[in-house]
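Student: I am attaching a structure below and will ask some questions about it afterwards.
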Amino acid sequence: MTRATDPGLVRQALMSLDYPADKQEVIQQATNAGAEAAVMRVLSALPLGTYDNLDEILRSIPHPDEGEDIDVGERDKKVTADAVGGRGRIAEHLREPR
């Protein structure tokens, strides 16, 4: 969640949501509740799927500010290092030759 988005604001926007709810229902409820633009932005970034409760939604909100001090090259190296053996979840054309 971005620094500007308080989980309490997300909770408030989704207070009346009936579960399970898919992403579109989550966004519609937040719109109906008059959620702030920052809340709408993070909810729009939710992965597609069905959410069983509010905690599941909060856990699914992407956290783009995590690691923001790392430049793109360092981030790519970290992703590569995190992949199994330097291979695995990286597309073949993006892999560094061994």
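Labels for the structure tokens follow display order: chains A, B, ..., residues from 1 in each chain, ligands from 1.
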Residues near A:Asp18, anyone? I mean within 10 Å using only C-alpha atoms, not counting same-chain ones fewer than 2 positions away, as a JSON list (two decimals) with C-alpha atoms, in the first residue's frame.
Tutor:
```json
[["chain", "number", "residue", "atom", "x", "y", "z"],
["A", 14, "LEU", "CA", -15.34, -1.54, 1.98],
["A", 15, "MET", "CA", -17.34, -1.64, 5.22],
["A", 16, "SER", "CA", -20.60, -2.64, 3.49],
["A", 20, "PRO", "CA", -17.08, -13.29, -1.35],
["A", 21, "ALA", "CA", -16.48, -10.43, -3.78],
["A", 25, "GLU", "CA", -17.38, -5.67, -6.84],
["A", 26, "VAL", "CA", -14.64, -4.35, -4.54],
["A", 29, "GLN", "CA", -18.30, -0.73, -3.43],
["A", 52, "ASP", "CA", -13.32, -13.98, 0.88],
["A", 53, "ASN", "CA", -12.82, -11.17, 3.42],
["A", 54, "LEU", "CA", -11.32, -7.73, 4.00]]
```
Student: Hey, what's within 9 Å of A:Ala35 if we count only C-alpha atoms and toss same-chain stuff fewer than 5 positions away? As a list in words, please?
Tutor: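 Once the adjacent positions are removed, what remains is Leu9, Val10, Gln12, Ala13, Leu14, Gln29, Ala30 and Met40 of chain A.
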Student: Any chance you can output those residues with C-alpha atoms as a PDB file, in the first residue's frame?
Tutor:
```pdb
ATOM      1  CA  LEU A   9      -9.466   4.206   4.698  1.00  0.00           C
ATOM      2  CA  VAL A  10      -9.673   0.974   2.722  1.00  0.00           C
ATOM      3  CA  GLN A  12     -13.998   2.294   5.687  1.00  0.00           C
ATOM      4  CA  ALA A  13     -14.583   2.199   1.924  1.00  0.00           C
ATOM      5  CA  LEU A  14     -15.339  -1.537   1.983  1.00  0.00           C
ATOM      6  CA  GLN A  29     -18.304  -0.734  -3.432  1.00  0.00           C
ATOM      7  CA  ALA A  30     -15.420   1.693  -2.908  1.00  0.00           C
ATOM      8  CA  MET A  40      -9.326   3.737  -5.600  1.00  0.00           C
TER       9      MET A  40
END
```
Student: As an exercise, work out the distance from atom CA of A:Val42 to atom CA of A:Thr5 in Å and give it to one decimal place.
Tutor: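 Answer for the atom CA of A:Val42 to atom CA of A:Thr5 separation: 7.9 Å.
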Student: Between A:Thr31, A:Leu58, A:Gly49, A:Ala38, which one has atoms that come closest to A:Arg11, using only C-alpha atoms?
Tutor: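 With only C-alpha atoms as the atom set, the closest residue is A:Leu58.
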Student: Do you know which residues are at most 8 Å from A:Asp22 counting only C-alpha atoms, after dropping those on the same chain fewer than 5 positions away, and could you put them as JSON, numbers by chain?
Tutor: {"A": [48, 49, 50, 51]}
Student: Report, in Å with one decimal, the straight-line distance from atom CA of A:Asp6 to atom CA of A:Val39.
Tutor: 8.2 Å
Student: Could you check how far atom CA of A:Arg59 sits from atom CA of A:Asn32, in Å to one decimal?
Tutor: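 Separation of atom CA of A:Arg59 and atom CA of A:Asn32: 22.2 Å.
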